[in-house]
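Everything below concerns the one structure shown next.
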Amino acid sequence: MSVQEAAVAGGEALEVWIDQDLCTGDGICVQYAPEVFELDIDGLAYVKGPEDELLQAPGATTPVPLVLLTDVVDSAKECPGDCIHVRRVSDGVEVFGPDAE
């Protein structure tokens, strides 16, 4: 079983963040999961907090709701900038995205 499969199967808490330095502004993530991602006026994608607020601090993370896990993972897989990182909250290990094991 891969790290990714183990994280999903174990129901571990996951969080997501976007590296704006690599973001191409294509908005694919917003199409997949508008509840989690949003394009700002600068044309880059950011994660949104639980209260729907845009989190613009570098490296800002937001929880991945289990019901949106597939959409968030698809966003990370399809992102042309390879800038979406999904990691386990418990140990910070990236399970989906460019640095996934």
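Convention: chains lettered A, B, ... in structure tokens order; per-chain residue numbering from 1; ligands numbered from 1 as shown.
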
- List the neighbours of Ala100 in chain A out to 9 Å using only C-alpha atoms; skip same-chain residues closer than 2 positions along the sequence, and give me the result as an MDAnalysis selection string. chainID A and resid 3:4 85:87 93:98

Put those residues in a file: C-alpha atoms, as a compact mmCIF listing (two decimals), in the first residue's frame.
# COMPACT_ATOMS: atom_id res chain seq x y z
CA VAL A 3 1.69 6.33 1.42
CA GLN A 4 -1.19 7.98 -0.41
CA HIS A 85 0.58 20.17 -1.86
CA VAL A 86 -1.58 17.83 0.25
CA ARG A 87 0.00 16.55 3.43
CA VAL A 93 4.37 14.19 5.07
CA GLU A 94 3.15 15.14 1.60
CA VAL A 95 0.82 12.45 0.25
CA PHE A 96 -0.32 14.16 -2.96
CA GLY A 97 1.49 16.78 -5.00
CA PRO A 98 4.96 17.32 -6.45

- Message: Would you pick out the contacts of Asp52 in chain A at 10 Å or less, using only C-alpha atoms, so that residues sharing its chain but fewer than 3 positions from it are not included, and give the list as a list in words?
- Response: Glu35, Val36, Phe37, Glu38, Val47, Lys48, Gly49 and Leu55 of chain A

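Atom pair CA of Ile18 in chain A / CA of Leu54 in chain A: separated by 12.0 Å.
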